[in-house]
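Structure data follow from upload34.txt (compact mmCIF, C-alpha atoms):
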# COMPACT_ATOMS: atom_id res chain seq x y z
CA MET A 1 88.80 3.69 89.35
CA ALA A 2 89.83 6.83 91.21
CA ASP A 3 92.23 7.80 88.39
CA HIS A 4 89.52 7.07 85.80
CA LEU A 5 87.13 9.46 87.54
CA GLY A 6 89.72 12.07 88.39
CA LEU A 7 88.90 11.75 92.10
CA SER A 8 90.96 10.87 95.13
CA LYS A 9 90.84 7.31 96.48
CA SER A 10 89.39 8.69 99.69
CA THR A 11 86.51 10.38 97.83
CA VAL A 12 85.74 7.22 95.87
CA SER A 13 85.79 5.13 99.05
CA ARG A 14 83.53 7.52 100.93
CA ALA A 15 81.13 7.72 97.98
CA LEU A 16 80.86 3.92 97.78
CA ASN A 17 80.30 3.71 101.52
CA GLY A 18 77.55 6.31 101.52
CA TYR A 19 79.16 9.05 103.60
CA THR A 20 76.98 12.15 103.75
CA ASP A 21 79.83 14.58 103.05
CA ILE A 22 79.87 13.35 99.44
CA SER A 23 77.39 15.01 97.09
CA GLU A 24 74.59 12.94 95.59
CA SER A 25 75.83 13.60 92.04
CA THR A 26 79.35 12.42 92.88
CA ARG A 27 78.07 9.34 94.70
CA LYS A 28 75.91 8.34 91.73
CA ARG A 29 78.79 8.91 89.30
CA VAL A 30 81.08 6.72 91.39
CA GLU A 31 78.48 3.96 91.80
CA THR A 32 77.66 3.96 88.07
CA THR A 33 81.33 3.72 87.14
CA ALA A 34 81.90 1.00 89.72
CA ARG A 35 79.13 -1.11 88.23
CA LYS A 36 80.46 -0.63 84.69
CA MET A 37 83.95 -1.69 85.81
CA GLY A 38 82.56 -4.72 87.64
CA TYR A 39 83.58 -3.48 91.06
CA ARG A 40 81.73 -4.90 94.04
CA PRO A 41 82.82 -4.02 97.61
CA LEU A 42 83.24 -6.93 100.02
CA SER A 43 80.15 -6.70 102.21
CA HIS A 44 81.78 -8.00 105.39
CA ALA A 45 84.74 -5.64 105.08
CA GLN A 46 82.43 -2.74 104.33
CA ALA A 47 80.28 -3.58 107.35
CA ILE A 48 83.35 -3.45 109.58
CA ARG A 49 84.35 -0.02 108.23
CA THR A 50 80.94 1.62 108.14
CA GLY A 51 78.74 -0.36 110.49
CA ARG A 52 76.38 -1.06 107.57
CA VAL A 53 75.67 -4.23 105.63
CA ARG A 54 74.04 -2.48 102.66
CA ALA A 55 70.78 -4.34 103.19
CA ILE A 56 67.21 -3.26 103.89
CA ALA A 57 64.44 -5.53 105.11
CA MET A 58 60.70 -5.95 105.36
CA VAL A 59 58.89 -8.33 107.71
CA ILE A 60 55.47 -9.59 106.57
CA ASN A 61 52.85 -10.86 109.00
CA SER A 62 51.97 -14.29 107.59
CA GLU A 63 48.70 -14.34 109.56
CA GLU A 64 47.21 -11.36 107.71
CA PRO A 65 43.99 -12.37 105.87
CA ASP A 66 45.15 -10.70 102.63
CA ARG A 67 48.80 -11.74 102.83
CA HIS A 68 48.56 -13.31 99.36
CA ASN A 69 47.26 -10.10 97.79
CA PRO A 70 48.78 -9.87 94.29
CA PHE A 71 49.99 -6.32 94.95
CA LEU A 72 52.77 -7.76 97.11
CA GLN A 73 54.64 -9.27 94.15
CA ASP A 74 54.78 -5.93 92.31
CA PHE A 75 55.68 -4.08 95.51
CA LEU A 76 58.60 -6.40 96.30
CA ALA A 77 59.80 -6.30 92.69
CA GLY A 78 59.99 -2.51 92.87
CA ALA A 79 61.79 -2.51 96.22
CA CYS A 80 64.29 -5.18 95.16
CA GLU A 81 65.07 -3.46 91.87
CA ALA A 82 65.64 -0.11 93.59
CA ALA A 83 67.89 -1.70 96.20
CA SER A 84 69.86 -3.58 93.55
CA ALA A 85 70.36 -0.38 91.55
CA SER A 86 72.27 1.01 94.54
CA ASP A 87 74.15 -2.28 95.10
CA TRP A 88 72.07 -3.04 98.17
CA THR A 89 70.07 -6.16 98.94
CA MET A 90 66.47 -6.57 100.08
CA THR A 91 65.67 -9.13 102.77
CA ILE A 92 62.14 -10.49 103.25
CA SER A 93 61.16 -12.22 106.50
CA THR A 94 57.87 -13.37 107.97
CA ALA A 95 56.29 -13.18 111.42
CA LYS A 96 53.36 -15.19 112.77
CA SER A 97 51.88 -12.58 115.10
CA GLU A 98 52.30 -9.00 116.28
CA LYS A 99 54.53 -10.15 119.16
CA ASP A 100 56.55 -12.33 116.82
CA MET A 101 56.89 -9.31 114.52
CA LEU A 102 58.91 -7.42 117.16
CA ASP A 103 60.99 -10.51 117.89
CA VAL A 104 61.87 -10.91 114.19
CA LEU A 105 62.74 -7.22 113.85
CA GLY A 106 64.95 -7.43 116.94
CA ARG A 107 66.71 -10.54 115.68
CA LEU A 108 67.46 -8.98 112.31
CA VAL A 109 68.91 -5.92 114.06
CA GLU A 110 70.93 -8.00 116.53
CA GLU A 111 72.32 -10.24 113.80
CA ARG A 112 73.10 -7.20 111.63
CA LYS A 113 71.04 -8.52 108.74
CA ALA A 114 69.61 -5.10 107.81
CA ASP A 115 70.47 -1.41 108.07
CA GLY A 116 66.84 -0.31 107.98
CA PHE A 117 63.27 -1.50 107.56
CA ILE A 118 60.23 -0.87 105.39
CA LEU A 119 57.08 -1.03 107.54
CA PRO A 120 53.94 -1.84 105.51
CA ARG A 121 50.33 -1.49 106.72
CA THR A 122 50.91 1.11 109.38
CA GLU A 123 48.62 1.13 112.38
CA VAL A 124 47.26 4.08 114.34
CA ASP A 125 49.34 2.98 117.32
CA ASP A 126 52.16 1.05 115.68
CA ALA A 127 54.38 -0.96 118.03
CA ARG A 128 57.00 -1.45 115.30
CA VAL A 129 57.55 2.31 115.04
CA LYS A 130 58.11 2.74 118.76
CA TYR A 131 60.34 -0.33 118.92
CA LEU A 132 62.65 0.75 116.10
CA GLN A 133 62.76 4.30 117.44
CA GLU A 134 63.97 2.93 120.78
CA LEU A 135 66.64 0.90 119.00
CA LYS A 136 67.60 3.95 116.91
CA VAL A 137 67.29 1.89 113.72
CA PRO A 138 66.28 3.61 110.46
CA PHE A 139 62.84 2.76 109.05
CA ILE A 140 60.32 4.11 106.58
CA MET A 141 56.58 3.54 106.69
CA TYR A 142 54.36 2.59 103.78
CA GLY A 143 51.57 4.75 105.10
CA ARG A 144 51.18 7.21 107.92
CA THR A 145 50.51 6.63 111.61
CA GLY A 146 49.19 8.31 114.74
CA TYR A 147 45.75 9.29 113.42
CA GLY A 148 44.06 11.53 115.98
CA GLN A 149 47.09 11.54 118.26
CA ALA A 150 49.65 14.16 119.18
CA ASP A 151 52.34 14.36 116.52
CA TRP A 152 54.91 12.18 118.24
CA GLN A 153 56.06 11.01 114.81
CA ASP A 154 57.88 14.20 113.83
CA GLU A 155 61.07 12.27 113.11
CA THR A 156 59.54 9.56 110.95
CA SER A 157 59.71 9.14 107.19
CA TRP A 158 56.98 7.70 105.01
CA PHE A 159 55.65 7.15 101.52
CA ASP A 160 51.91 6.94 101.12
CA ILE A 161 49.10 7.08 98.58
CA SER A 162 46.34 9.58 99.34
CA GLY A 163 43.47 7.21 99.95
CA GLU A 164 41.49 10.11 101.38
CA SER A 165 41.63 11.89 98.02
CA ALA A 166 40.46 8.75 96.25
CA THR A 167 37.42 8.18 98.48
CA ARG A 168 36.54 11.88 98.27
CA ASP A 169 36.68 11.67 94.48
CA ALA A 170 34.68 8.42 94.55
CA VAL A 171 31.84 10.21 96.32
CA GLY A 172 32.09 13.11 93.86
CA ARG A 173 31.88 10.69 90.94
CA LEU A 174 28.76 9.05 92.37
CA VAL A 175 27.16 12.43 93.07
CA ASP A 176 27.81 13.44 89.46
CA PHE A 177 25.99 10.26 88.39
CA GLY A 178 22.99 11.40 90.45
CA HIS A 179 23.36 9.37 93.67
CA THR A 180 22.33 11.12 96.87
CA ARG A 181 22.40 8.18 99.30
CA ILE A 182 25.93 6.79 99.37
CA GLY A 183 27.24 4.21 101.81
CA TYR A 184 30.77 3.54 102.98
CA VAL A 185 32.47 0.32 104.12
CA GLY A 186 35.79 0.89 105.86
CA SER A 187 38.61 -1.43 106.86
CA ASP A 188 39.88 -2.43 110.30
CA PRO A 189 40.06 0.75 112.42
CA LYS A 190 43.44 -0.29 113.81
CA PHE A 191 44.97 0.67 110.48
CA ASN A 192 45.71 4.34 109.90
CA TYR A 193 44.54 4.26 106.28
CA SER A 194 41.04 3.19 107.30
CA HIS A 195 40.47 6.48 109.12
CA LEU A 196 41.93 8.56 106.31
CA ARG A 197 39.76 6.93 103.66
CA ARG A 198 36.66 7.44 105.82
CA ASP A 199 37.65 11.10 106.18
CA GLY A 200 37.78 11.36 102.40
CA TYR A 201 34.29 9.87 102.12
CA LEU A 202 32.95 12.38 104.65
CA GLU A 203 34.70 15.24 102.87
CA GLY A 204 33.11 14.16 99.59
CA LEU A 205 29.67 14.27 101.19
CA LYS A 206 30.40 17.71 102.64
CA ILE A 207 31.50 19.07 99.26
CA ALA A 208 28.27 17.77 97.73
CA ALA A 209 26.21 19.23 100.61
CA LEU A 210 24.92 15.76 101.48
CA PRO A 211 24.30 14.78 105.13
CA ALA A 212 26.57 12.22 106.76
CA ASP A 213 24.21 9.48 107.93
CA PRO A 214 25.90 7.28 110.60
CA GLU A 215 23.83 4.23 109.59
CA LEU A 216 25.44 4.35 106.14
CA ILE A 217 28.97 3.98 107.56
CA ARG A 218 30.27 0.48 108.32
CA GLU A 219 33.76 -0.56 109.46
CA GLY A 220 35.95 -3.61 109.83
CA ALA A 221 35.88 -5.25 106.38
CA ARG A 222 39.20 -6.53 105.00
CA THR A 223 38.12 -9.74 103.27
CA ARG A 224 35.39 -10.70 100.78
CA GLU A 225 33.44 -12.37 103.57
CA GLU A 226 33.62 -9.32 105.81
CA GLY A 227 32.74 -7.08 102.88
CA ALA A 228 29.67 -9.21 102.22
CA VAL A 229 28.54 -8.90 105.85
CA GLU A 230 28.80 -5.11 105.83
CA ALA A 231 27.25 -4.75 102.36
CA ARG A 232 24.27 -6.85 103.46
CA ALA A 233 23.86 -4.67 106.54
CA LEU A 234 23.70 -1.56 104.32
CA LEU A 235 21.46 -2.97 101.61
CA THR A 236 18.89 -4.34 104.05
CA LEU A 237 18.33 -0.98 105.73
CA ASN A 238 14.84 0.47 105.48
CA HIS A 239 16.38 3.26 103.43
CA PRO A 240 19.38 1.61 101.69
CA PRO A 241 22.13 3.36 99.73
CA THR A 242 22.03 3.25 95.95
CA ALA A 243 25.84 3.35 95.88
CA ILE A 244 28.63 2.10 98.18
CA VAL A 245 32.27 3.16 98.42
CA PHE A 246 34.60 0.48 99.82
CA ALA A 247 37.97 1.15 101.46
CA THR A 248 39.44 -1.94 99.76
CA ASP A 249 38.75 -3.95 96.62
CA LEU A 250 38.56 -7.27 98.48
CA ALA A 251 35.69 -5.98 100.61
CA ALA A 252 34.01 -4.52 97.52
CA LEU A 253 34.16 -7.88 95.75
CA GLY A 254 32.21 -9.36 98.65
CA CYS A 255 29.29 -7.11 97.73
CA TYR A 256 28.75 -8.94 94.44
CA SER A 257 27.44 -12.13 96.05
CA VAL A 258 25.12 -10.09 98.30
CA CYS A 259 23.66 -8.29 95.29
CA THR A 260 23.02 -11.64 93.59
CA GLU A 261 21.39 -12.93 96.77
CA LEU A 262 19.11 -9.87 96.94
CA GLY A 263 18.22 -9.93 93.25
CA LEU A 264 20.17 -6.76 92.43
CA GLU A 265 22.30 -5.92 89.42
CA VAL A 266 25.68 -4.33 90.18
CA GLY A 267 26.14 -1.11 88.23
CA GLN A 268 22.41 -0.72 87.71
CA ASP A 269 20.52 -1.18 90.96
CA VAL A 270 23.60 -0.54 93.12
CA SER A 271 26.84 1.22 92.19
CA ILE A 272 30.07 -0.03 93.75
CA LEU A 273 33.55 1.53 93.87
CA GLY A 274 36.70 0.02 95.39
CA TYR A 275 40.28 0.98 96.15
CA ASP A 276 43.61 -0.79 95.47
CA GLY A 277 43.38 -1.94 91.85
CA ILE A 278 43.94 -5.65 92.47
CA PRO A 279 43.75 -7.89 89.35
CA GLU A 280 40.51 -9.60 90.43
CA CYS A 281 38.64 -6.36 89.76
CA GLN A 282 38.76 -6.88 86.01
CA TYR A 283 37.56 -10.49 86.11
CA VAL A 284 34.25 -10.05 87.96
CA SER A 285 31.13 -9.16 86.01
CA PRO A 286 30.63 -6.30 85.72
CA GLY A 287 34.21 -5.17 86.19
CA LEU A 288 34.83 -3.23 89.40
CA THR A 289 35.53 0.48 89.13
CA THR A 290 38.46 1.16 91.45
CA PHE A 291 41.21 3.56 92.35
CA SER A 292 44.42 1.77 91.44
CA VAL A 293 47.74 2.02 93.30
CA ASP A 294 51.08 1.63 91.50
CA SER A 295 52.54 -0.90 93.94
CA LYS A 296 55.81 -1.33 92.05
CA ARG A 297 56.56 2.39 92.18
CA ALA A 298 55.67 2.43 95.86
CA GLY A 299 58.25 -0.29 96.50
CA GLU A 300 60.86 1.59 94.47
CA ARG A 301 60.30 4.86 96.32
CA LEU A 302 60.31 3.26 99.76
CA ALA A 303 63.57 1.40 99.14
CA THR A 304 65.25 4.47 97.64
CA MET A 305 64.13 6.77 100.44
CA LEU A 306 65.16 4.27 103.15
CA ILE A 307 68.64 3.92 101.68
CA SER A 308 68.93 7.72 101.68
CA GLN A 309 67.98 7.72 105.35
CA THR A 310 70.63 5.14 106.23
CA ARG A 311 73.17 7.40 104.52
CA GLY A 312 72.32 10.23 106.88
CA GLU A 313 69.40 12.13 105.35
CA ALA A 314 66.96 13.35 108.02
CA PRO A 315 63.83 11.13 108.28
CA ALA A 316 61.54 14.18 108.41
CA ASP A 317 62.89 15.23 104.99
CA LEU A 318 61.89 11.89 103.48
CA ARG A 319 58.13 12.07 103.10
CA GLU A 320 56.19 11.65 99.90
CA ILE A 321 52.56 11.19 98.93
CA GLY A 322 51.16 9.98 95.64
CA GLU A 323 47.70 9.66 94.12
CA ALA A 324 45.68 6.61 93.16
CA VAL A 325 44.43 6.44 89.56
CA LEU A 326 40.78 5.85 88.71
CA ILE A 327 40.14 2.74 86.63
CA GLU A 328 36.65 3.06 85.16
CA ARG A 329 34.70 -0.12 84.61
CA SER A 330 30.98 -0.97 84.77
CA SER A 331 30.20 -1.42 88.46
CA ASP A 332 29.01 2.16 88.87
CA GLY A 333 26.76 4.54 86.98
CA PRO A 334 23.57 6.57 87.27
CA PRO A 335 20.98 5.17 89.72
CA SER A 336 18.21 3.24 88.01
CA VAL A 337 15.94 3.39 91.07
CA THR A 338 15.47 5.59 94.12
CA ALA A 339 16.43 4.38 97.58
CA GLU A 340 12.75 3.73 98.33
CA GLU A 341 12.28 1.71 95.14
CA LEU A 342 15.51 -0.18 95.90
CA ALA A 343 14.20 -1.09 99.36
CA ARG A 344 10.96 -2.42 97.85
CA LYS A 345 12.84 -4.44 95.25
CA ILE A 346 15.06 -6.00 97.93
CA GLN A 347 12.02 -6.82 100.08
CA LEU A 348 10.25 -8.48 97.15
CA SER A 349 13.36 -10.57 96.47
CA LYS A 350 13.58 -11.60 100.13
CA ASP A 351 9.87 -12.52 100.18
CA HIS A 352 10.30 -14.54 96.99
CA ASN A 353 13.29 -16.39 98.41
CA ARG A 354 11.42 -17.19 101.61
CA GLY A 355 8.46 -18.50 99.59
CA GLY A 356 10.79 -20.66 97.53
CA ASN A 357 12.38 -22.08 100.68
CA ARG A 358 8.95 -23.04 102.06
CA LEU A 359 8.27 -24.98 98.88

Would you write the structure of this file as structure tokens?
Amino acid sequence: MADHLGLSKSTVSRALNGYTDISESTRKRVETTARKMGYRPLSHAQAIRTGRVRAIAMVINSEEPDRHNPFLQDFLAGACEAASASDWTMTISTAKSEKDMLDVLGRLVEERKADGFILPRTEVDDARVKYLQELKVPFIMYGRTGYGQADWQDETSWFDISGESATRDAVGRLVDFGHTRIGYVGSDPKFNYSHLRRDGYLEGLKIAALPADPELIREGARTREEGAVEARALLTLNHPPTAIVFATDLAALGCYSVCTELGLEVGQDVSILGYDGIPECQYVSPGLTTFSVDSKRAGERLATMLISQTRGEAPADLREIGEAVLIERSSDGPPSVTAEELARKIQLSKDHNRGGNRL
């Protein structure tokens, strides 16, 4: 192969083993030729020479309430395809708790099953980050961390979607429709993204010169059930919002049952917007307007950037942010009633339901 490429055997070997003194263009040319010629390095021999096993890993918490979210399949497909394109493998493991998560990460490092890790769902104070930093093991975050803290994460790499831009734009969209009382339902505050998306909501209000009313801001909804609880709390206020922005689609979907319970029509009496772009959004009636995330591309970028880090690229040089894409459906639109009229309608529905129960 070296003769075919007009390179020395040493250059070909170093390119295949990911040494940083080989240019990216040369490395890609060597890897492409190697694949065409059917060459595959022996992984155990390569690990002995380089200390790497050409594998990246991700550990999923199997106790997460949305662990079966359909986005995961697309995300893993993107990560696996990107790893395979570089002749690397992608390892998926599960943990049953936060403590077990660190144990699984440590075992994979100790057994030399992975050269680096993708860390999904980053938390404000993420134990995985600190643990891998102490072990001096490469990692890349799907999301950012350290919200409101000193920037101790200077040496971390990440890929993220700007959820704050999406929630800001969601508020702007609702304002353009004519809404002036807009609620927000956030996710679990332990997650970094929950704070960023709330910031976007507040920024949207500020741009529109609308006051930020604390009673219109709810937190802690990750599931349909939790979304329903927080939506009910908003819609039964004396002065309810005519529109609600949700930090996640699953929580937004929980609002549908509450609207039915209160005799409200989604998209008419109350406008709803979500974030994530999960498939269920198109099957509810009316379809949920949402900001969609390209999960497959996210997986591809994270795997590619992590492999670059294991080859010596500085973590701080491996940071990238993308944008969610608005998917317009029928769950939002101009308000058909004022907040006062909405409150009266909800009260009439509640009175009617109570009367029916007495009968």

Closest atom pairs, residues of stretch 238-332 of chain A within 12 Å of stretch 167-189 of chain A, all atoms listed in the file, as a tab-separated table:
residue	atom	partner	partner_atom	distance
A:His239	CA	A:Arg181	CA	8.8
A:Pro240	CA	A:Arg181	CA	7.6
A:Pro241	CA	A:Arg181	CA	4.8
A:Thr242	CA	A:Arg181	CA	6.0
A:Ala243	CA	A:Ile182	CA	4.9
A:Ile244	CA	A:Gly183	CA	4.4
A:Val245	CA	A:Tyr184	CA	4.8
A:Phe246	CA	A:Val185	CA	4.8
A:Ala247	CA	A:Gly186	CA	4.9
A:Thr248	CA	A:Ser187	CA	7.2
A:Asp249	CA	A:Ser187	CA	10.5
A:Leu250	CA	A:Ser187	CA	10.2
A:Ala251	CA	A:Val185	CA	7.9
A:Ala252	CA	A:Val185	CA	8.3
A:Leu253	CA	A:Val185	CA	11.8
A:Gly254	CA	A:Val185	CA	11.1
A:Cys255	CA	A:Val185	CA	10.3
A:Gly267	CA	A:Leu174	CA	11.3
A:Gln268	CA	A:Phe177	CA	11.6
A:Asp269	CA	A:His179	CA	11.3
A:Val270	CA	A:Ile182	CA	9.9
A:Ser271	CA	A:Leu174	CA	8.1
A:Ile272	CA	A:Leu174	CA	9.3
A:Leu273	CA	A:Ala170	CA	7.0
A:Gly274	CA	A:Ala170	CA	8.7
A:Tyr275	CA	A:Thr167	CA	8.1
A:Asp276	CA	A:Thr167	CA	11.3
A:Thr289	CA	A:Ala170	CA	9.7
A:Thr290	CA	A:Ala170	CA	8.8
A:Phe291	CA	A:Ala170	CA	8.4
A:Ser292	CA	A:Thr167	CA	11.8
A:Glu323	CA	A:Asp169	CA	11.2
A:Ala324	CA	A:Thr167	CA	9.9
A:Val325	CA	A:Asp169	CA	10.6
A:Leu326	CA	A:Ala170	CA	8.8
A:Ile327	CA	A:Ala170	CA	11.2
A:Glu328	CA	A:Arg173	CA	10.7
A:Ser331	CA	A:Leu174	CA	11.3
A:Asp332	CA	A:Leu174	CA	7.7

If you count only C-alpha atoms, which residues fall within 9 Å of stretch 76-93 of chain A, apart from same-chain ones fewer than 5 positions away, as a list in words?
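Final neighbour list, sorted by chain and number: Lys28, Glu31, Thr32, Arg35, Arg40, Val53, Arg54, Ala55, Ile56, Ala57, Met58, Val59, Ile60, Asn61, Phe71, Val104, Lys113, Ala114, Ser295, Lys296, Arg297, Ala298, Gly299, Glu300, Arg301, Leu302, Ala303, Thr304 and Ile307 of chain A.
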
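Atom CA of A:Leu119 is positioned 24.7 Å from atom CA of A:Arg224.
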
Interatomic distance (Å, one decimal) between atom CA of A:Glu320 and atom CA of A:Asp160:
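Computing the Euclidean distance for atom CA of A:Glu320 and atom CA of A:Asp160 yields 6.5 Å.
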
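When only C-alpha atoms are used to compute distances to A:Ile140, the closest of the residues A:Ser162, A:Ser25, A:Thr94, A:Gln309 turns out to be A:Gln309.
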
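Atom to atom, atom CA of A:Ile278 and atom CA of A:Gly204 stand 23.7 Å apart.
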
Surrounding residues of stretch 120-133 of chain A excluding itself and chain neighbours under 4 positions, 9 Å, all atoms listed in the file, as a short mmCIF file (atom, residue, chain, number, x, y, z; two decimals) with C-alpha atoms, in the frame of the given file:
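Output below, filename part-v6.cif:
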data_model
loop_
_atom_site.label_atom_id
_atom_site.label_comp_id
_atom_site.auth_asym_id
_atom_site.auth_seq_id
_atom_site.Cartn_x
_atom_site.Cartn_y
_atom_site.Cartn_z
CA MET A 58 60.70 -5.95 105.36
CA VAL A 59 58.89 -8.33 107.71
CA ILE A 60 55.47 -9.59 106.57
CA GLU A 98 52.30 -9.00 116.28
CA MET A 101 56.89 -9.31 114.52
CA LEU A 102 58.91 -7.42 117.16
CA LEU A 105 62.74 -7.22 113.85
CA GLY A 106 64.95 -7.43 116.94
CA VAL A 137 67.29 1.89 113.72
CA PRO A 138 66.28 3.61 110.46
CA PHE A 139 62.84 2.76 109.05
CA ILE A 140 60.32 4.11 106.58
CA MET A 141 56.58 3.54 106.69
CA TYR A 142 54.36 2.59 103.78
CA GLY A 143 51.57 4.75 105.10
CA ARG A 144 51.18 7.21 107.92
CA THR A 145 50.51 6.63 111.61
CA GLY A 146 49.19 8.31 114.74
CA TYR A 147 45.75 9.29 113.42
CA GLY A 148 44.06 11.53 115.98
CA GLN A 149 47.09 11.54 118.26
CA GLN A 153 56.06 11.01 114.81
CA THR A 156 59.54 9.56 110.95
CA PRO A 189 40.06 0.75 112.42
CA LYS A 190 43.44 -0.29 113.81
CA PHE A 191 44.97 0.67 110.48
CA ASN A 192 45.71 4.34 109.90
CA TYR A 193 44.54 4.26 106.28
CA HIS A 195 40.47 6.48 109.12
#

Pick the closest to A:Phe117 from A:Val284, A:Ala166, A:Leu202, A:Met305: which is it, counting all atoms listed in the file?
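Looking at the shortest contact to A:Phe117, the residue is A:Met305.
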
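Proximity ranking of A:Glu134, A:His352, A:Leu306, A:Ser194 relative to A:Gly220 places A:Ser194 first, based on only C-alpha atoms.
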
Pick out the closest residue to A:Leu262 from this set: A:Arg198, A:Arg27, A:Arg354, A:Arg311. Count all atoms listed in the file.
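Among A:Arg198, A:Arg27, A:Arg354, A:Arg311, it is A:Arg354 that comes nearest to A:Leu262.
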
Centre, edges in Å (one decimal): axis-aligned box, stretch 70-85 of chain A, 4 Å padding on all six sides, as AutoDock Vina command-line options:
--center_x 59.6 --center_y -5.0 --center_z 94.3 --size_x 29.6 --size_y 17.8 --size_z 13.6

Find the residue from A:Leu205, A:Val293, A:Leu235, A:Leu216 that sits nearest to A:Gly277; use all atoms listed in the file when measuring.
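Among the listed residues, the smallest separation from A:Gly277 belongs to A:Val293.
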